[in-house]
Structures are given as C-alpha cells and as structure tokens.
Amino acid sequence: MSAANVEVSVVPANEATWEELQSVLGTRGPASGCQCQRFKLAQRESFGSFPVEERARRLREQTSCGDPDAESTSGLVARLGGEPVGWCAVEPRPAYEGLVRNSSRAAWVGRDEDRSDGSVWAVTCVFTRAGFRRRGISRALVLAAVDHARRGGAHALEGYPMTTTTGAILQELHVGTLSTFLDAGFSEVLRPSLRRAVVRITF
C-alpha cells in the first residue's frame with residue numbers, strides 16, 4: 001500500500017456504525033438516493049415504487065451496521081485517519097437479485113455460467129465520499145474486498161468496472177474503474193462493451 005493511503009483502514013460494515021455509513025453516502029446525490037439498492041431490487045420493483053427511507057432501512061438491515069457479532073454483512077467501510085470515507089458493496093453474487101435476473105446486464109453478455117453459484121462473490125459498488133477522492137480509497141476498498149471474499153469462503157470474486165471515465169456520469173462510476181481492479185490482482189475476462197469490463201480473481 002502506497003504512502004498516499006497508508007492511513008486507510010477498512011472494516012466490514014457491521015463493525016462500523018450506521019452513522020458512519022450514512023456520512024459516506026451523504027445527504028445529496030445518487031449515492032444518498034440509491035442507498036446501494038440498484039442491484040437489490042426484486043422483480044417488478046423500481047426506485048419509484050418505494051421511498052428512500054425504505055431503501056435506507058433495507059441497507060441498514062443488509063449491512064448489520066453496529067453489530068460486530070453479525071453472521072454476515074453486505075459490504076465494507078473505509079476510514080482515513082478515523083474518518084469514514086468509503087463504501088464497497090461485496091457479497092455472494094446471488095444476493096444481487098437484479099444483477100443475476102436480467103440477461104441484458106453487461107455482466108452476462110456472451111457468458112454461460114450458473115448465476116446461482118454462491119461461491120462466486122461480486123463487487124457492485126466502490127464509492128468514495130466527496131472531498132476524499134483521488135487519495136487511494138477505492139484501491140484500498142477493492143484490495144480489502146478480495147481478502148473479505150476469500151475469508152468468506154468465495155472461490156472467485158467478480159467486478160464490473162468502467163473502462164474509461166471519459167464522458168461517464170457519477171451513476172456509472174459507482175462500479176469502479178478497470179485500473180483499480182487490475183491493480184488489485186483481477187484479470188479481465190470479458191469486454192461486453194467499449195465502456196464496461198468483467199473482471200475476476202480466483203482463489
């Protein structure tokens with residue numbers, strides 16, 4: 001880890017407080033509105049069908065924030081010098097119902113794979129708090145996601161990063177960038193579009 005992010009520490013979200021996670025996601029913008037539910041929506045659900053308060057309630061339940069004895073959590077929280085600065089969604093791939101259900105998603109173009117395989121984990125969000133970007137937070141989170149998935153019994157971990165930030169909007173960049181994943185040891189396995197890659201690391 002470089003000197004730029006030597007103070008970054010990453011913990012499972014259940015070892016962080018709910019207030020810390022909410023301070024990362026903020027009170028305005030896409031992250032605050034999404035509450036990391038984009039890939040969690042059930043069939044026939046949409047963001048318009050339930051308020052942000054319900055999305056937040058679901059995220060709090062999924063992360064088990066504040067419960068260090070919880071059996072599972074849905075992500076990681078990064079701190080820089082003790083300040084909460086980043087969030088990474090990482091858990092068994094079948095937990096992302098919207099991801100595995102929709103055959104048109106970039107993750108599945110040209111692939112023939114058992115989507116219900118719980119030994120394959122996925123990183124679907126890598127988010128750094130405003131004011132702390134370009135300080136190595138995303139790289140620290142993805143590296144920690146690799147260790148977290150391995151300890152959780154995964155045999156592989158996937159990501160679906162953007163290949164370029166040119167012309168990208170914030171809603172797209174939440175999946176992370178290709179260079180961040182490659183630096184963490186992932187290999188590119190598919191390029192479903194000019195702007196999207198599928199990457200994987202096998203344990």
# chains A, B, ... in the order shown; residues from 1 in each chain; ligands from 1

$ closest_atom_pairs --of "range 44-88 of chain A" --to "range 31-37 of chain A" --cutoff "10 Å" --atoms "only C-alpha atoms" --output "tab-separated table"
residue	atom	partner	partner_atom	distance
A:Ser46	CA	A:Gln37	CA	9.8
A:Phe47	CA	A:Cys34	CA	8.0
A:Pro51	CA	A:Gly33	CA	9.0
A:Val52	CA	A:Gly33	CA	6.0
A:Glu53	CA	A:Gly33	CA	9.1
A:Glu54	CA	A:Gln35	CA	9.4
A:Arg55	CA	A:Gln35	CA	5.8
A:Ala56	CA	A:Gln35	CA	5.6
A:Arg57	CA	A:Gln35	CA	9.0
A:Arg58	CA	A:Gln37	CA	8.1
A:Leu59	CA	A:Gln35	CA	6.4
A:Arg60	CA	A:Gln35	CA	9.2
A:Ser74	CA	A:Cys36	CA	9.8
A:Gly75	CA	A:Cys36	CA	10.0
A:Trp87	CA	A:Cys36	CA	9.6
A:Cys88	CA	A:Cys36	CA	9.4

$ select_by_dssp --residues "chain A" --states "alpha helix (DSSP H)" --output "PyMOL selection string"
chain A and resi 18-25+30-34+52-63+97-101+137-151+170-173+178-183

$ write_last_selection --atoms "C-alpha atoms" --output "PDB file, in the first residue's frame"
ATOM      1  CA  TRP A  18     -24.862   3.279  10.665  1.00  0.00           C
ATOM      2  CA  GLU A  19     -23.993   6.959  11.097  1.00  0.00           C
ATOM      3  CA  GLU A  20     -20.547   6.346   9.597  1.00  0.00           C
ATOM      4  CA  LEU A  21     -22.004   4.671   6.523  1.00  0.00           C
ATOM      5  CA  GLN A  22     -24.569   7.421   6.039  1.00  0.00           C
ATOM      6  CA  SER A  23     -21.871  10.075   6.303  1.00  0.00           C
ATOM      7  CA  VAL A  24     -20.075   8.335   3.433  1.00  0.00           C
ATOM      8  CA  LEU A  25     -23.169   8.182   1.237  1.00  0.00           C
ATOM      9  CA  PRO A  30     -27.011   9.484  -6.423  1.00  0.00           C
ATOM     10  CA  ALA A  31     -25.387   7.564  -3.556  1.00  0.00           C
ATOM     11  CA  SER A  32     -27.718   9.046  -0.976  1.00  0.00           C
ATOM     12  CA  GLY A  33     -30.739   8.288  -3.117  1.00  0.00           C
ATOM     13  CA  CYS A  34     -29.679   4.791  -4.141  1.00  0.00           C
ATOM     14  CA  VAL A  52     -35.534   6.498   0.003  1.00  0.00           C
ATOM     15  CA  GLU A  53     -36.331   5.827   3.665  1.00  0.00           C
ATOM     16  CA  GLU A  54     -37.243   2.255   2.743  1.00  0.00           C
ATOM     17  CA  ARG A  55     -34.052   1.874   0.717  1.00  0.00           C
ATOM     18  CA  ALA A  56     -32.075   3.063   3.739  1.00  0.00           C
ATOM     19  CA  ARG A  57     -33.936   0.659   6.010  1.00  0.00           C
ATOM     20  CA  ARG A  58     -33.037  -2.221   3.697  1.00  0.00           C
ATOM     21  CA  LEU A  59     -29.391  -1.196   3.550  1.00  0.00           C
ATOM     22  CA  ARG A  60     -29.203  -0.982   7.324  1.00  0.00           C
ATOM     23  CA  GLU A  61     -30.618  -4.492   7.583  1.00  0.00           C
ATOM     24  CA  GLN A  62     -28.279  -5.830   4.885  1.00  0.00           C
ATOM     25  CA  THR A  63     -25.143  -4.346   6.439  1.00  0.00           C
ATOM     26  CA  GLU A  97     -31.105 -10.225  -7.429  1.00  0.00           C
ATOM     27  CA  GLY A  98     -31.281  -7.521 -10.060  1.00  0.00           C
ATOM     28  CA  LEU A  99     -27.843  -8.436 -11.375  1.00  0.00           C
ATOM     29  CA  VAL A 100     -28.432 -12.159 -11.755  1.00  0.00           C
ATOM     30  CA  ARG A 101     -32.003 -11.843 -13.011  1.00  0.00           C
ATOM     31  CA  ILE A 137      -9.649   4.973  -1.046  1.00  0.00           C
ATOM     32  CA  SER A 138     -11.109   2.937  -3.912  1.00  0.00           C
ATOM     33  CA  ARG A 139      -7.967   0.864  -4.276  1.00  0.00           C
ATOM     34  CA  ALA A 140      -7.891   0.152  -0.558  1.00  0.00           C
ATOM     35  CA  LEU A 141     -11.544  -0.926  -0.673  1.00  0.00           C
ATOM     36  CA  VAL A 142     -11.091  -3.303  -3.613  1.00  0.00           C
ATOM     37  CA  LEU A 143      -7.995  -4.854  -2.042  1.00  0.00           C
ATOM     38  CA  ALA A 144      -9.940  -5.345   1.172  1.00  0.00           C
ATOM     39  CA  ALA A 145     -12.860  -6.833  -0.784  1.00  0.00           C
ATOM     40  CA  VAL A 146     -10.527  -9.528  -2.097  1.00  0.00           C
ATOM     41  CA  ASP A 147      -9.498 -10.505   1.434  1.00  0.00           C
ATOM     42  CA  HIS A 148     -13.070 -10.273   2.685  1.00  0.00           C
ATOM     43  CA  ALA A 149     -14.414 -12.575  -0.029  1.00  0.00           C
ATOM     44  CA  ARG A 150     -11.594 -15.062   0.454  1.00  0.00           C
ATOM     45  CA  ARG A 151     -12.230 -15.206   4.197  1.00  0.00           C
ATOM     46  CA  LEU A 170     -21.406   9.571 -11.364  1.00  0.00           C
ATOM     47  CA  GLN A 171     -24.110   6.912 -11.514  1.00  0.00           C
ATOM     48  CA  GLU A 172     -21.875   4.833 -13.797  1.00  0.00           C
ATOM     49  CA  LEU A 173     -18.665   5.226 -11.852  1.00  0.00           C
ATOM     50  CA  LEU A 178     -10.805  -1.073 -14.557  1.00  0.00           C
ATOM     51  CA  SER A 179      -7.367   0.058 -13.395  1.00  0.00           C
ATOM     52  CA  THR A 180      -8.452  -0.151  -9.751  1.00  0.00           C
ATOM     53  CA  PHE A 181      -9.403  -3.813 -10.137  1.00  0.00           C
ATOM     54  CA  LEU A 182      -6.363  -4.754 -12.223  1.00  0.00           C
ATOM     55  CA  ASP A 183      -4.097  -3.206  -9.587  1.00  0.00           C
TER      56      ASP A 183
END

$ residues_around --residues "Leu194 in chain A" --least-positions-apart "6" --cutoff "9 Å" --atoms "only C-alpha atoms" --output "PyMOL selection string"
chain A and resi 162-164

$ residues_around --residues "range 76-82 of chain A" --least-positions-apart "4" --cutoff "6 Å" --atoms "only C-alpha atoms" --output "CSV table (one decimal) with N, CA, C and O atoms, in the first residue's frame"
chain,number,residue,atom,x,y,z
A,7,GLU,N,-2.9,5.6,5.8
A,7,GLU,CA,-3.8,5.7,6.9
A,7,GLU,C,-5.2,5.1,6.7
A,7,GLU,O,-6.1,5.2,7.5
A,8,VAL,N,-5.4,4.5,5.5
A,8,VAL,CA,-6.7,4.0,5.2
A,8,VAL,C,-6.9,2.6,5.9
A,8,VAL,O,-6.0,1.8,5.8
A,9,SER,N,-8.0,2.5,6.6
A,9,SER,CA,-8.3,1.2,7.2
A,9,SER,C,-9.7,0.8,6.7
A,9,SER,O,-10.5,1.7,6.5
A,10,VAL,N,-9.9,-0.5,6.6
A,10,VAL,CA,-11.2,-0.9,6.0
A,10,VAL,C,-11.7,-2.0,7.0
A,10,VAL,O,-11.0,-2.9,7.3
A,11,VAL,N,-13.0,-1.9,7.3
A,11,VAL,CA,-13.6,-2.9,8.2
A,11,VAL,C,-14.9,-3.4,7.6
A,11,VAL,O,-15.6,-2.6,6.8
A,12,PRO,N,-15.4,-4.6,7.9
A,12,PRO,CA,-16.7,-5.0,7.5
A,12,PRO,C,-17.8,-4.0,8.0
A,12,PRO,O,-17.6,-3.4,9.1
A,13,ALA,N,-18.8,-3.8,7.2
A,13,ALA,CA,-19.8,-2.7,7.6
A,13,ALA,C,-20.4,-2.9,8.9
A,13,ALA,O,-20.8,-2.0,9.6
A,86,GLY,N,-15.3,5.8,2.7
A,86,GLY,CA,-15.6,5.0,1.6
A,86,GLY,C,-16.5,3.8,1.9
A,86,GLY,O,-16.6,3.4,3.0
A,87,TRP,N,-17.1,3.3,0.9
A,87,TRP,CA,-18.1,2.1,0.9
A,87,TRP,C,-17.8,1.2,-0.2
A,87,TRP,O,-17.6,1.7,-1.4
A,88,CYS,N,-17.9,-0.1,0.0
A,88,CYS,CA,-17.8,-1.1,-1.0
A,88,CYS,C,-18.8,-2.2,-0.8
A,88,CYS,O,-18.8,-2.7,0.3

$ residues_around --residues "Asp69 in chain A" --least-positions-apart "3" --cutoff "12 Å" --atoms "only C-alpha atoms" --output "list in words"
Pro12, Ala13, Asn14, Glu15, Ala16, Thr63, Ser64, Cys65, Gly66, Ser72 and Thr73 of chain A

$ write_last_selection --atoms "N, CA, C and O atoms" --output "PDB file, in the first residue's frame"
ATOM      1  N   PRO A  12     -15.385  -4.565   7.899  1.00  0.00           N
ATOM      2  CA  PRO A  12     -16.730  -4.986   7.489  1.00  0.00           C
ATOM      3  C   PRO A  12     -17.761  -3.984   8.003  1.00  0.00           C
ATOM      4  O   PRO A  12     -17.608  -3.428   9.089  1.00  0.00           O
ATOM      5  N   ALA A  13     -18.793  -3.754   7.216  1.00  0.00           N
ATOM      6  CA  ALA A  13     -19.763  -2.708   7.566  1.00  0.00           C
ATOM      7  C   ALA A  13     -20.436  -2.943   8.912  1.00  0.00           C
ATOM      8  O   ALA A  13     -20.833  -1.988   9.583  1.00  0.00           O
ATOM      9  N   ASN A  14     -20.561  -4.203   9.319  1.00  0.00           N
ATOM     10  CA  ASN A  14     -21.193  -4.457  10.618  1.00  0.00           C
ATOM     11  C   ASN A  14     -20.310  -4.016  11.785  1.00  0.00           C
ATOM     12  O   ASN A  14     -20.781  -3.892  12.913  1.00  0.00           O
ATOM     13  N   GLU A  15     -19.036  -3.753  11.501  1.00  0.00           N
ATOM     14  CA  GLU A  15     -18.136  -3.242  12.537  1.00  0.00           C
ATOM     15  C   GLU A  15     -18.068  -1.719  12.533  1.00  0.00           C
ATOM     16  O   GLU A  15     -17.348  -1.124  13.342  1.00  0.00           O
ATOM     17  N   ALA A  16     -18.785  -1.103  11.600  1.00  0.00           N
ATOM     18  CA  ALA A  16     -18.912   0.350  11.556  1.00  0.00           C
ATOM     19  C   ALA A  16     -20.311   0.733  12.027  1.00  0.00           C
ATOM     20  O   ALA A  16     -21.201  -0.114  12.109  1.00  0.00           O
ATOM     21  N   THR A  63     -26.503  -4.544   5.928  1.00  0.00           N
ATOM     22  CA  THR A  63     -25.143  -4.346   6.439  1.00  0.00           C
ATOM     23  C   THR A  63     -24.969  -4.796   7.881  1.00  0.00           C
ATOM     24  O   THR A  63     -23.856  -5.082   8.308  1.00  0.00           O
ATOM     25  N   SER A  64     -26.054  -4.815   8.652  1.00  0.00           N
ATOM     26  CA  SER A  64     -25.965  -5.080  10.096  1.00  0.00           C
ATOM     27  C   SER A  64     -25.012  -4.114  10.770  1.00  0.00           C
ATOM     28  O   SER A  64     -24.261  -4.483  11.687  1.00  0.00           O
ATOM     29  N   CYS A  65     -25.010  -2.863  10.320  1.00  0.00           N
ATOM     30  CA  CYS A  65     -24.137  -1.853  10.920  1.00  0.00           C
ATOM     31  C   CYS A  65     -24.325  -1.810  12.436  1.00  0.00           C
ATOM     32  O   CYS A  65     -25.446  -1.885  12.942  1.00  0.00           O
ATOM     33  N   GLY A  66     -23.211  -1.700  13.145  1.00  0.00           N
ATOM     34  CA  GLY A  66     -23.255  -1.611  14.587  1.00  0.00           C
ATOM     35  C   GLY A  66     -23.382  -2.930  15.317  1.00  0.00           C
ATOM     36  O   GLY A  66     -23.502  -2.954  16.537  1.00  0.00           O
ATOM     37  N   SER A  72     -23.215 -11.994   8.919  1.00  0.00           N
ATOM     38  CA  SER A  72     -22.891 -11.541   7.567  1.00  0.00           C
ATOM     39  C   SER A  72     -23.117 -10.044   7.459  1.00  0.00           C
ATOM     40  O   SER A  72     -23.768  -9.424   8.312  1.00  0.00           O
ATOM     41  N   THR A  73     -22.563  -9.464   6.423  1.00  0.00           N
ATOM     42  CA  THR A  73     -22.759  -8.057   6.099  1.00  0.00           C
ATOM     43  C   THR A  73     -22.671  -7.918   4.592  1.00  0.00           C
ATOM     44  O   THR A  73     -22.181  -8.830   3.905  1.00  0.00           O
TER      45      THR A  73
END

$ atom_distance --atom1 "CA of Phe127 in chain A" --atom2 "CA of His155 in chain A"
24.4 Å

$ atom_distance --atom1 "CA of Ala70 in chain A" --atom2 "CA of Glu91 in chain A"
14.2 Å

$ atom_distance --atom1 "CA of Pro84 in chain A" --atom2 "CA of Thr128 in chain A"
9.5 Å

$ residues_around --residues "range 107-122 of chain A" --least-positions-apart "3" --cutoff "8 Å" --atoms "only C-alpha atoms" --output "number ranges by chain"
A: 90-94, 99-100, 103-104, 149, 153-160, 192, 198

$ closest_residue --among "A:Leu41, A:Val175, A:Ala95, A:Val126" --to "Arg195 in chain A" --atoms "only C-alpha atoms"
A:Val175

$ select_by_dssp --residues "range 111-192 of chain A" --states "strand (DSSP E or B)" --output "list of chain:residue names"
A:Val120, A:Trp121, A:Ala122, A:Val123, A:Thr124, A:Cys125, A:Val126, A:Phe127, A:Thr128, A:Ala156, A:Leu157, A:Glu158, A:Gly159, A:Met162, A:Thr177, A:Ser187, A:Glu188, A:Val189, A:Leu190, A:Arg191, A:Pro192
